[in-house]
Amino acid sequence: MTSHTAGSGDLTFFELDPGQDFFTQVALDSGPCTLLDIVVSPPGAHDAVLEQWRRHADHMVTQPGFIRAQLHRSTGGDGNTIVNLAVWESPAALLAAVTTPEFAAIATEYPAGAVCTRQLLAEEAVEGICVA
């Protein structure tokens, strides 16, 4: 996994696929895309991480090209993992949103030790199972 820390903040980003860093992925013109974010909170900091995620989401929904987001939380134990699936009109729109000063400022306010592993995805059709 490669990592990139947003600004001087506490949210550290890792790439799910070590062969494709995030900025390479968003540079591709692949049409509509889904961002997969897996955010793990440090022990005892889930509520603080969730609040910062909410602030990020409030910003993202105002950005051109945002379509929708869906959040999931791990079950069992403390449930310190959240998974965000955010659909965008294009990788370029997503890139514009995550490179705003507002996005970077929010990333600096996550609790120390919070990590986000991410991957850009496109729908894939599998005959007889699902459509793209």
# chains A, B, ... in the order shown; residues from 1 in each chain; ligands from 1
$ closest_atom_pairs --of "range 11-37 of chain A" --to "range 119-123 of chain A" --cutoff "7 Å" --atoms "only C-alpha atoms" --output "Markdown table"
| residue | atom | partner | partner_atom | distance |
| --- | --- | --- | --- | --- |
| A:Glu15 | CA | A:Gln119 | CA | 6.4 |
| A:Leu16 | CA | A:Gln119 | CA | 5.7 |
| A:Phe22 | CA | A:Gln119 | CA | 6.8 |
| A:Gln25 | CA | A:Leu120 | CA | 6.5 |
| A:Cys33 | CA | A:Ala122 | CA | 5.0 |
| A:Thr34 | CA | A:Leu121 | CA | 5.0 |
| A:Leu35 | CA | A:Leu120 | CA | 4.7 |
| A:Leu36 | CA | A:Gln119 | CA | 5.2 |
| A:Asp37 | CA | A:Gln119 | CA | 6.8 |
$ select_by_dssp --residues "range 3-131 of chain A" --states "alpha helix (DSSP H)" --output "ChimeraX atom specification"
/A:22-26,46-60,91-98,101-107
$ write_last_selection --atoms "C-alpha atoms" --output "JSON list (two decimals), in the first residue's frame"
[["chain", "number", "residue", "atom", "x", "y", "z"],
["A", 22, "PHE", "CA", -5.40, 7.51, -6.22],
["A", 23, "PHE", "CA", -4.17, 10.41, -8.34],
["A", 24, "THR", "CA", -3.37, 8.05, -11.24],
["A", 25, "GLN", "CA", -6.87, 6.57, -10.97],
["A", 26, "VAL", "CA", -8.67, 9.93, -11.05],
["A", 46, "HIS", "CA", -15.25, 6.36, 16.25],
["A", 47, "ASP", "CA", -17.68, 9.18, 17.07],
["A", 48, "ALA", "CA", -15.03, 11.82, 16.31],
["A", 49, "VAL", "CA", -14.13, 10.11, 13.01],
["A", 50, "LEU", "CA", -17.79, 9.86, 12.06],
["A", 51, "GLU", "CA", -18.27, 13.58, 12.75],
["A", 52, "GLN", "CA", -15.34, 14.47, 10.50],
["A", 53, "TRP", "CA", -16.65, 12.12, 7.81],
["A", 54, "ARG", "CA", -19.99, 13.96, 8.08],
["A", 55, "ARG", "CA", -18.19, 17.27, 7.59],
["A", 56, "HIS", "CA", -16.39, 15.87, 4.54],
["A", 57, "ALA", "CA", -19.71, 14.56, 3.18],
["A", 58, "ASP", "CA", -21.43, 17.92, 3.75],
["A", 59, "HIS", "CA", -18.70, 19.50, 1.62],
["A", 60, "MET", "CA", -18.73, 16.81, -1.07],
["A", 91, "PRO", "CA", -13.03, 10.98, -11.93],
["A", 92, "ALA", "CA", -12.29, 14.61, -12.89],
["A", 93, "ALA", "CA", -15.22, 15.83, -10.77],
["A", 94, "LEU", "CA", -14.02, 13.74, -7.84],
["A", 95, "LEU", "CA", -10.47, 15.05, -8.24],
["A", 96, "ALA", "CA", -11.71, 18.65, -8.24],
["A", 97, "ALA", "CA", -13.66, 18.00, -5.02],
["A", 98, "VAL", "CA", -10.83, 16.32, -3.09],
["A", 101, "PRO", "CA", -8.79, 23.75, 0.42],
["A", 102, "GLU", "CA", -11.98, 22.90, 2.34],
["A", 103, "PHE", "CA", -11.44, 19.15, 1.86],
["A", 104, "ALA", "CA", -7.82, 19.41, 3.02],
["A", 105, "ALA", "CA", -8.77, 21.50, 6.06],
["A", 106, "ILE", "CA", -11.33, 18.93, 7.24],
["A", 107, "ALA", "CA", -8.76, 16.12, 6.84]]
$ atom_distance --atom1 "CA of Gln70 in chain A" --atom2 "CA of Thr117 in chain A"
16.2 Å
$ closest_residue --among "A:Asn84, A:Glu89, A:Pro32, A:Leu71" --to "Arg118 in chain A" --atoms "only C-alpha atoms"
A:Asn84
$ select_by_dssp --residues "chain A" --states "strand (DSSP E)" --output "PyMOL selection string"
chain A and resi 3-5+12-15+33-40+66-73+81-88+115-121
$ closest_residue --among "A:Asp78, A:Trp88, A:Gly44, A:Val83" --to "Gln63 in chain A" --atoms "only C-alpha atoms"
A:Trp88
$ closest_residue --among "A:Ala45, A:Cys130, A:Leu28, A:Val87" --to "Gly65 in chain A" --atoms "only C-alpha atoms"
A:Val87
$ closest_residue --among "A:Thr108, A:Thr62, A:Thr99, A:Ser74" --to "Val39 in chain A" --atoms "only C-alpha atoms"
A:Ser74
$ residues_around --residues "Val40 in chain A" --least-positions-apart "2" --cutoff "6 Å" --atoms "only C-alpha atoms" --output "ChimeraX atom specification"
/A:80-81,114-115
$ decode --residues "range 11-46 of chain A" --atoms "N, CA and C atoms" --output "mmCIF file, in the first residue's frame"
data_model
loop_
_atom_site.group_PDB
_atom_site.id
_atom_site.type_symbol
_atom_site.label_atom_id
_atom_site.label_comp_id
_atom_site.auth_asym_id
_atom_site.auth_seq_id
_atom_site.Cartn_x
_atom_site.Cartn_y
_atom_site.Cartn_z
ATOM 1 N N LEU A 11 -5.630 12.508 9.077
ATOM 2 C CA LEU A 11 -6.201 11.417 8.297
ATOM 3 C C LEU A 11 -5.171 10.985 7.264
ATOM 4 N N THR A 12 -4.722 9.743 7.369
ATOM 5 C CA THR A 12 -3.731 9.214 6.442
ATOM 6 C C THR A 12 -4.446 8.340 5.421
ATOM 7 N N PHE A 13 -4.134 8.564 4.152
ATOM 8 C CA PHE A 13 -4.747 7.815 3.058
ATOM 9 C C PHE A 13 -3.797 6.723 2.577
ATOM 10 N N PHE A 14 -4.363 5.534 2.340
ATOM 11 C CA PHE A 14 -3.634 4.416 1.763
ATOM 12 C C PHE A 14 -4.364 3.976 0.511
ATOM 13 N N GLU A 15 -3.623 3.399 -0.420
ATOM 14 C CA GLU A 15 -4.219 2.888 -1.651
ATOM 15 C C GLU A 15 -4.538 1.403 -1.462
ATOM 16 N N LEU A 16 -5.731 0.995 -1.835
ATOM 17 C CA LEU A 16 -6.116 -0.409 -1.761
ATOM 18 C C LEU A 16 -5.297 -1.234 -2.741
ATOM 19 N N ASP A 17 -5.123 -0.721 -3.940
ATOM 20 C CA ASP A 17 -4.347 -1.392 -4.982
ATOM 21 C C ASP A 17 -2.988 -0.713 -5.071
ATOM 22 N N PRO A 18 -1.924 -1.373 -4.609
ATOM 23 C CA PRO A 18 -0.620 -0.714 -4.605
ATOM 24 C C PRO A 18 -0.103 -0.375 -6.000
ATOM 25 N N GLY A 19 -0.686 -0.956 -7.030
ATOM 26 C CA GLY A 19 -0.263 -0.675 -8.396
ATOM 27 C C GLY A 19 -0.910 0.561 -8.998
ATOM 28 N N GLN A 20 -1.867 1.161 -8.295
ATOM 29 C CA GLN A 20 -2.572 2.332 -8.810
ATOM 30 C C GLN A 20 -2.784 3.326 -7.684
ATOM 31 N N ASP A 21 -2.015 4.401 -7.688
ATOM 32 C CA ASP A 21 -2.299 5.379 -6.652
ATOM 33 C C ASP A 21 -3.539 6.181 -7.041
ATOM 34 N N PHE A 22 -4.129 6.812 -6.050
ATOM 35 C CA PHE A 22 -5.402 7.507 -6.224
ATOM 36 C C PHE A 22 -5.332 8.555 -7.334
ATOM 37 N N PHE A 23 -4.253 9.329 -7.365
ATOM 38 C CA PHE A 23 -4.174 10.409 -8.342
ATOM 39 C C PHE A 23 -3.985 9.881 -9.763
ATOM 40 N N THR A 24 -3.419 8.691 -9.930
ATOM 41 C CA THR A 24 -3.369 8.046 -11.236
ATOM 42 C C THR A 24 -4.772 7.595 -11.639
ATOM 43 N N GLN A 25 -5.521 7.046 -10.683
ATOM 44 C CA GLN A 25 -6.872 6.573 -10.968
ATOM 45 C C GLN A 25 -7.789 7.704 -11.420
ATOM 46 N N VAL A 26 -7.759 8.840 -10.704
ATOM 47 C CA VAL A 26 -8.670 9.930 -11.046
ATOM 48 C C VAL A 26 -8.246 10.667 -12.308
ATOM 49 N N ALA A 27 -7.029 10.418 -12.782
ATOM 50 C CA ALA A 27 -6.578 11.038 -14.029
ATOM 51 C C ALA A 27 -7.144 10.321 -15.251
ATOM 52 N N LEU A 28 -7.687 9.130 -15.075
ATOM 53 C CA LEU A 28 -8.256 8.365 -16.186
ATOM 54 C C LEU A 28 -9.673 8.845 -16.473
ATOM 55 N N ASP A 29 -10.011 8.966 -17.732
ATOM 56 C CA ASP A 29 -11.357 9.385 -18.113
ATOM 57 C C ASP A 29 -12.209 8.136 -18.301
ATOM 58 N N SER A 30 -12.793 7.669 -17.215
ATOM 59 C CA SER A 30 -13.533 6.400 -17.265
ATOM 60 C C SER A 30 -15.037 6.583 -17.116
ATOM 61 N N GLY A 31 -15.538 7.799 -17.211
ATOM 62 C CA GLY A 31 -16.973 8.019 -17.053
ATOM 63 C C GLY A 31 -17.372 7.931 -15.594
ATOM 64 N N PRO A 32 -18.649 7.639 -15.324
ATOM 65 C CA PRO A 32 -19.113 7.568 -13.931
ATOM 66 C C PRO A 32 -18.247 6.602 -13.121
ATOM 67 N N CYS A 33 -18.041 6.939 -11.858
ATOM 68 C CA CYS A 33 -17.175 6.116 -11.020
ATOM 69 C C CYS A 33 -17.701 6.104 -9.591
ATOM 70 N N THR A 34 -17.240 5.126 -8.840
ATOM 71 C CA THR A 34 -17.580 5.012 -7.427
ATOM 72 C C THR A 34 -16.291 5.023 -6.630
ATOM 73 N N LEU A 35 -16.259 5.875 -5.628
ATOM 74 C CA LEU A 35 -15.120 5.914 -4.723
ATOM 75 C C LEU A 35 -15.430 5.013 -3.540
ATOM 76 N N LEU A 36 -14.553 4.072 -3.267
ATOM 77 C CA LEU A 36 -14.635 3.207 -2.101
ATOM 78 C C LEU A 36 -13.641 3.729 -1.076
ATOM 79 N N ASP A 37 -14.146 4.170 0.068
ATOM 80 C CA ASP A 37 -13.304 4.604 1.186
ATOM 81 C C ASP A 37 -13.560 3.657 2.354
ATOM 82 N N ILE A 38 -12.502 3.098 2.914
ATOM 83 C CA ILE A 38 -12.601 2.287 4.117
ATOM 84 C C ILE A 38 -11.854 3.058 5.201
ATOM 85 N N VAL A 39 -12.591 3.582 6.168
ATOM 86 C CA VAL A 39 -12.002 4.429 7.209
ATOM 87 C C VAL A 39 -12.007 3.655 8.528
ATOM 88 N N VAL A 40 -10.838 3.536 9.135
ATOM 89 C CA VAL A 40 -10.699 2.839 10.414
ATOM 90 C C VAL A 40 -10.339 3.871 11.481
ATOM 91 N N SER A 41 -11.146 3.859 12.536
ATOM 92 C CA SER A 41 -10.945 4.782 13.656
ATOM 93 C C SER A 41 -9.972 4.196 14.658
ATOM 94 N N PRO A 42 -9.161 5.029 15.280
ATOM 95 C CA PRO A 42 -8.365 4.526 16.397
ATOM 96 C C PRO A 42 -9.292 4.174 17.557
ATOM 97 N N PRO A 43 -8.862 3.326 18.482
ATOM 98 C CA PRO A 43 -9.722 2.934 19.606
ATOM 99 C C PRO A 43 -10.303 4.151 20.327
ATOM 100 N N GLY A 44 -11.624 4.095 20.546
ATOM 101 C CA GLY A 44 -12.315 5.142 21.282
ATOM 102 C C GLY A 44 -12.604 6.410 20.511
ATOM 103 N N ALA A 45 -12.288 6.444 19.222
ATOM 104 C CA ALA A 45 -12.445 7.683 18.456
ATOM 105 C C ALA A 45 -13.476 7.585 17.338
ATOM 106 N N HIS A 46 -14.315 6.532 17.356
ATOM 107 C CA HIS A 46 -15.255 6.357 16.251
ATOM 108 C C HIS A 46 -16.188 7.555 16.092
#
